[in-house]
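A.B. asks: Just one file: target-v5.cif, with mmCIF, C-alpha atoms.
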data_final
loop_
_atom_site.label_atom_id
_atom_site.label_comp_id
_atom_site.auth_asym_id
_atom_site.auth_seq_id
_atom_site.Cartn_x
_atom_site.Cartn_y
_atom_site.Cartn_z
CA MET A 22 50.47 -93.53 -75.91
CA ARG A 23 51.64 -94.03 -72.35
CA VAL A 24 49.64 -92.04 -69.79
CA LEU A 25 50.83 -91.40 -66.23
CA LEU A 26 48.30 -91.86 -63.43
CA PHE A 27 48.26 -90.38 -59.92
CA ALA A 28 46.26 -90.56 -56.73
CA ARG A 29 42.76 -91.99 -57.19
CA ALA A 30 43.32 -92.45 -60.93
CA ARG A 31 46.16 -94.85 -60.17
CA ASP A 32 44.05 -96.69 -57.60
CA LEU A 33 41.12 -97.06 -60.00
CA ALA A 34 43.26 -98.28 -62.89
CA GLY A 35 45.39 -100.47 -60.65
CA ALA A 36 48.50 -99.19 -62.42
CA HIS A 37 50.93 -96.25 -62.46
CA THR A 38 50.63 -95.99 -66.24
CA LEU A 39 48.26 -97.04 -69.02
CA ASP A 40 48.99 -97.60 -72.69
CA ILE A 41 46.16 -96.07 -74.67
CA ALA A 42 45.53 -96.76 -78.36
CA LEU A 43 44.99 -93.52 -80.26
CA PRO A 44 43.93 -92.58 -83.79
CA ALA A 45 46.41 -90.76 -86.02
CA ALA A 46 46.71 -87.01 -85.40
CA ALA A 47 44.93 -87.37 -82.07
CA THR A 48 44.10 -84.43 -79.86
CA VAL A 49 44.03 -84.26 -76.08
CA GLY A 50 40.25 -84.59 -76.34
CA ASP A 51 40.67 -87.82 -78.34
CA LEU A 52 42.94 -89.12 -75.58
CA ARG A 53 40.33 -88.21 -72.99
CA ARG A 54 37.66 -90.16 -74.86
CA CYS A 55 39.95 -93.14 -75.48
CA LEU A 56 40.95 -93.26 -71.81
CA ALA A 57 37.33 -93.45 -70.76
CA ASP A 58 36.53 -96.08 -73.42
CA GLN A 59 39.55 -98.28 -72.79
CA CYS A 60 39.47 -98.00 -68.99
CA PRO A 61 35.81 -97.63 -67.96
CA ARG A 62 36.69 -97.69 -64.26
CA LEU A 63 38.51 -94.37 -64.81
CA ALA A 64 35.80 -92.70 -66.88
CA GLY A 65 34.05 -90.80 -64.09
CA LEU A 66 37.28 -89.41 -62.64
CA VAL A 67 38.76 -88.60 -66.06
CA ALA A 68 35.67 -86.50 -66.81
CA ARG A 69 36.56 -84.36 -63.76
CA SER A 70 40.32 -84.37 -64.37
CA ALA A 71 42.73 -82.19 -66.26
CA LEU A 72 45.15 -83.70 -68.75
CA ALA A 73 48.75 -82.53 -68.75
CA VAL A 74 51.09 -82.64 -71.73
CA ASN A 75 54.80 -82.21 -71.01
CA GLY A 76 54.04 -80.73 -67.61
CA ASP A 77 51.46 -78.16 -68.72
CA TYR A 78 47.70 -78.25 -68.47
CA ALA A 79 46.35 -78.98 -71.93
CA ASP A 80 43.18 -77.94 -73.67
CA ASP A 81 41.19 -80.74 -75.27
CA ALA A 82 41.70 -79.08 -78.68
CA LEU A 83 45.49 -79.41 -78.48
CA PRO A 84 47.03 -81.87 -80.96
CA LEU A 85 49.15 -84.40 -79.10
CA PRO A 86 52.83 -83.90 -79.87
CA ALA A 87 54.89 -86.97 -80.72
CA ASN A 88 56.71 -88.46 -77.69
CA ALA A 89 54.77 -86.25 -75.30
CA GLU A 90 54.67 -87.04 -71.58
CA VAL A 91 50.96 -87.19 -70.80
CA ALA A 92 49.32 -87.46 -67.40
CA VAL A 93 45.85 -87.57 -65.90
CA VAL A 94 45.76 -84.83 -63.25
CA PRO A 95 42.72 -85.39 -60.99
CA PRO A 96 41.41 -82.36 -59.07
CA VAL A 97 44.34 -81.25 -56.92
CA SER A 98 44.41 -81.00 -53.14
CA GLY A 99 47.87 -79.79 -52.20
CA GLY A 100 48.67 -77.10 -49.67
CA MET B 178 63.04 -70.79 -54.80
CA VAL B 179 60.68 -73.75 -54.59
CA ARG B 180 61.16 -77.26 -53.25
CA LEU B 181 59.38 -80.55 -52.71
CA THR B 182 60.68 -82.46 -49.72
CA ARG B 183 59.98 -85.64 -47.75
CA GLU B 184 61.65 -84.12 -44.67
CA PRO B 185 60.02 -81.90 -42.00
CA ILE B 186 59.91 -78.29 -43.20
CA ASP B 187 62.22 -75.93 -41.29
CA HIS B 188 59.93 -72.92 -41.53
CA CYS B 189 62.00 -70.86 -39.06
CA ARG B 190 64.94 -71.18 -41.42
CA LEU B 191 62.77 -70.21 -44.41
CA THR B 192 61.53 -67.12 -42.57
CA GLU B 193 65.10 -66.04 -41.81
CA GLU B 194 66.34 -66.80 -45.32
CA VAL B 195 63.94 -64.41 -47.09
CA ARG B 196 64.92 -61.42 -44.94
CA ARG B 197 66.49 -58.55 -46.85
CA SER B 198 67.77 -55.17 -45.71
CA ASN B 199 65.45 -53.39 -48.15
CA CYS B 200 62.39 -55.32 -47.00
CA GLY B 201 60.49 -54.15 -43.96
CA ALA B 202 58.04 -57.02 -44.00
CA VAL B 203 58.23 -60.80 -43.93
CA VAL B 204 55.10 -62.95 -44.10
CA THR B 205 55.28 -66.72 -43.65
CA PHE B 206 52.28 -68.96 -44.26
CA LEU B 207 52.21 -72.47 -42.83
CA GLY B 208 49.70 -75.10 -43.92
CA THR B 209 49.35 -77.71 -41.19
CA VAL B 210 47.55 -81.05 -40.93
CA ARG B 211 44.22 -80.47 -39.21
CA ASP B 212 42.34 -83.06 -37.18
CA LEU B 213 38.72 -82.15 -37.95
CA THR B 214 36.92 -81.93 -41.28
CA GLY B 215 33.23 -81.48 -40.61
CA ASP B 216 32.45 -84.34 -38.24
CA ARG B 217 35.23 -86.63 -39.49
CA VAL B 218 38.52 -87.02 -37.65
CA THR B 219 41.82 -87.15 -39.53
CA VAL B 220 44.68 -89.13 -38.02
CA ALA B 221 47.14 -88.60 -40.86
CA LEU B 222 47.48 -87.39 -44.46
CA ASP B 223 49.48 -88.90 -47.29
CA TYR B 224 50.70 -86.36 -49.84
CA GLU B 225 51.70 -87.36 -53.36
CA ALA B 226 52.92 -85.25 -56.29
CA TYR B 227 53.51 -85.43 -60.02
CA PRO B 228 56.99 -84.21 -59.19
CA ASP B 229 58.30 -82.61 -62.39
CA MET B 230 55.05 -80.80 -63.11
CA ALA B 231 54.61 -79.76 -59.47
CA ALA B 232 58.09 -78.20 -59.37
CA LYS B 233 57.40 -76.49 -62.70
CA LYS B 234 54.10 -75.05 -61.53
CA MET B 235 55.58 -73.88 -58.22
CA ALA B 236 58.37 -72.11 -60.12
CA GLU B 237 55.78 -70.47 -62.38
CA ILE B 238 53.85 -69.31 -59.31
CA GLU B 239 57.01 -67.81 -57.83
CA ALA B 240 57.72 -65.97 -61.10
CA ASP B 241 54.13 -64.73 -61.31
CA THR B 242 54.22 -63.50 -57.71
CA ARG B 243 57.53 -61.70 -58.30
CA ALA B 244 56.08 -60.04 -61.40
CA ARG B 245 53.10 -58.67 -59.47
CA TRP B 246 54.78 -57.49 -56.22
CA PRO B 247 58.21 -56.13 -55.25
CA VAL B 248 59.42 -59.39 -53.70
CA GLY B 249 62.76 -59.39 -51.93
CA ASP B 250 62.76 -63.15 -51.75
CA LEU B 251 60.24 -65.98 -51.81
CA LEU B 252 60.65 -69.55 -50.57
CA MET B 253 57.96 -72.19 -51.06
CA GLU B 254 58.25 -75.76 -49.81
CA HIS B 255 55.72 -78.58 -49.93
CA ARG B 256 56.22 -81.78 -48.00
CA LEU B 257 55.32 -85.18 -49.43
CA GLY B 258 54.75 -88.55 -47.80
CA HIS B 259 52.98 -89.52 -44.57
CA LEU B 260 52.17 -86.55 -42.31
CA GLU B 261 50.63 -86.65 -38.81
CA VAL B 262 48.18 -84.12 -37.35
CA GLY B 263 50.06 -80.92 -36.60
CA ASP B 264 52.79 -81.48 -39.17
CA VAL B 265 53.57 -78.63 -41.58
CA SER B 266 52.58 -79.64 -45.11
CA VAL B 267 53.51 -76.41 -46.88
CA ALA B 268 55.35 -73.18 -46.13
CA VAL B 269 55.50 -69.96 -48.12
CA ALA B 270 57.83 -67.21 -46.86
CA VAL B 271 57.91 -63.84 -48.63
CA SER B 272 59.71 -60.57 -47.99
CA CYS B 273 58.63 -57.21 -49.45
CA PRO B 274 59.37 -53.59 -48.66
CA HIS B 275 55.94 -53.06 -47.05
CA ARG B 276 53.51 -55.25 -45.15
CA HIS B 277 50.53 -54.95 -47.50
CA GLN B 278 52.73 -56.25 -50.33
CA ALA B 279 54.08 -59.13 -48.25
CA PHE B 280 50.60 -60.21 -47.09
CA ASP B 281 49.17 -59.98 -50.62
CA ALA B 282 52.11 -61.76 -52.27
CA CYS B 283 52.11 -64.59 -49.76
CA ARG B 284 48.36 -65.09 -50.01
CA HIS B 285 48.57 -65.09 -53.82
CA ALA B 286 51.32 -67.69 -53.83
CA ILE B 287 49.52 -70.15 -51.55
CA ASP B 288 46.15 -69.58 -53.26
CA ARG B 289 47.72 -70.36 -56.65
CA LEU B 290 49.56 -73.38 -55.25
CA LYS B 291 46.30 -74.85 -54.00
CA GLU B 292 44.68 -74.21 -57.37
CA LEU B 293 47.40 -75.34 -59.78
CA VAL B 294 50.08 -77.59 -58.35
CA PRO B 295 49.64 -81.33 -59.05
CA ILE B 296 49.82 -82.52 -55.45
CA TRP B 297 47.11 -84.65 -53.81
CA LYS B 298 46.33 -85.60 -50.23
CA LYS B 299 44.83 -88.84 -49.01
CA GLU B 300 42.86 -88.65 -45.78
CA ASN B 301 43.55 -91.35 -43.18
CA TRP B 302 40.33 -91.20 -41.14
CA SER B 303 40.01 -92.30 -37.50
CA ASP B 304 37.69 -95.13 -38.57
CA GLY B 305 40.56 -96.71 -40.48
CA THR B 306 39.37 -95.80 -43.96
CA THR B 307 41.38 -93.74 -46.43
CA GLU B 308 40.20 -91.43 -49.18
CA TRP B 309 41.91 -89.35 -51.86
CA VAL B 310 40.73 -85.73 -51.82
CA HIS B 311 39.67 -84.66 -55.32
CA PRO B 312 37.34 -81.70 -54.77
#
Please rewrite the model in this file as structure tokens.

C.D. replies:
Amino acid sequence: MRVLLFARARDLAGAHTLDIALPAAATVGDLRRCLADQCPRLAGLVARSALAVNGDYADDALPLPANAEVAVVPPVSGG
Amino acid sequence: MVRLTREPIDHCRLTEEVRRSNCGAVVTFLGTVRDLTGDRVTVALDYEAYPDMAAKKMAEIEADTRARWPVGDLLMEHRLGHLEVGDVSVAVAVSCPHRHQAFDACRHAIDRLKELVPIWKKENWSDGTTEWVHP
């Protein structure tokens, strides 16, 4: 699954997106774990970040819809 | 109405645009780039957004604010890109019949923006280093 990265997440990964291997019927929580495993440099920030699915903040229990747009949303600092 | 822009924010225009004949109060909040944070000196900020989600969340905040207060009109703009000290990073202009409503609605909108909208700032410190702000 392709995951969009922003701000410090992008800097740490060295890329605007990552392709993360996921088990079948994965949840957002599975994605969180796989992100940390497959990109250890991101692990610390991912632990403090929200995950967004199709532009909404997603609970770790949420099953990942097919073809979802997924993003790592580090703690925000707008305004 | 909400907007992300890379241009300077015309907050005077926003203030005028929310005025309504049935609203006796207009409150405009401006967020501006500040030079001091503790003992560190900022020379500039870089603002970045997850654009589609940021616009979506700002629209949700507008709808939520309108549901809670009798809003005549509400305009919210956030600027992206490289901003110097003193530049306006965000403006929220709200009109309501009465001043307590306008103050409360405007405060709510900016408080929720700072909590929810996927926008990030990167400090450009006077010592030449830069740092994303992820509180």

A.B. asks: Translate the PyMOL selection byres ((chain B and resi 208) around 12) into a concrete residue list for this structure, as a PyMOL selection string.

C.D. replies: (chain A and resi 99-100) or (chain B and resi 186+188+205-207+209-211+253-256+260+262-270+284+287-288+290-291)

A.B. asks: What do you get, as an NGL selection string, if you spell out every residue that the PyMOL selection byres ((chain B) within 8 of (chain A)) selects here?

C.D. replies: :B and (208 or 224-227 or 229-230 or 233 or 255 or 266-267 or 287 or 290-298 or 309-312)

A.B. asks: Take the PyMOL selection byres ((chain A and resi 60) around 12), apply it to the structure above, and return the hits as a PyMOL selection string.

C.D. replies: chain A and resi 24+30-31+33-36+38-42+52-59+61-67

A.B. asks: Using only C-alpha atoms, which residues sit within 8 Å of Pro228 in chain B once same-chain residues fewer than 3 positions away are excluded, as a count of residues only?

C.D. replies: 4

A.B. asks: By how many Å are CA of Arg197 in chain B and CA of Cys273 in chain B apart?

C.D. replies: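 Pair CA of Arg197 in chain B / CA of Cys273 in chain B returns 8.4 Å.
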
A.B. asks: Which residues come within 9 Å of range 44-50 of chain A, counting all atoms listed in the file, excluding same-chain residues fewer than 6 positions away, as a PyMOL selection string?

C.D. replies: chain A and resi 72-74+79-86

A.B. asks: List the neighbours of Arg276 in chain B out to 10 Å using all atoms listed in the file; skip same-chain residues closer than 5 positions along the sequence, and give me the result as number ranges by chain.

C.D. replies: B: 200-204, 281-282

A.B. asks: Do a neighbour search on His285 in chain B at 10 Å with only C-alpha atoms, toss out local chain neighbours closer than 6 positions, and write the hits as a list in words.

C.D. replies: Ile238, Glu239, Asp241, Thr242, Arg245 and Ala279 of chain B

A.B. asks: Could you write out that same residue set with C-alpha atoms as a PDB file, in the coordinates of the input?

C.D. replies:
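So the final result, stored in result07.pdb, reads:
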ATOM      1  CA  ILE B 238      53.850 -69.310 -59.310  1.00  0.00           C
ATOM      2  CA  GLU B 239      57.010 -67.810 -57.830  1.00  0.00           C
ATOM      3  CA  ASP B 241      54.130 -64.730 -61.310  1.00  0.00           C
ATOM      4  CA  THR B 242      54.220 -63.500 -57.710  1.00  0.00           C
ATOM      5  CA  ARG B 245      53.100 -58.670 -59.470  1.00  0.00           C
ATOM      6  CA  ALA B 279      54.080 -59.130 -48.250  1.00  0.00           C
TER       7      ALA B 279
END

A.B. asks: Find the distance between CA of Arg183 in chain B and CA of Leu251 in chain B and write it in Å to one decimal.

C.D. replies: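 These atoms are spaced 20.1 Å apart.
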
A.B. asks: Would you compute the distance between CA of Val195 in chain B and CA of Asp250 in chain B? Give it in Å to one decimal.

C.D. replies: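 Between these atoms lies a distance of 5.0 Å.
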
A.B. asks: Using only C-alpha atoms, which residue out of B:Arg180, B:His275, B:Lys299, B:Arg289 lies closest to Leu222 in chain B?

C.D. replies: B:Lys299
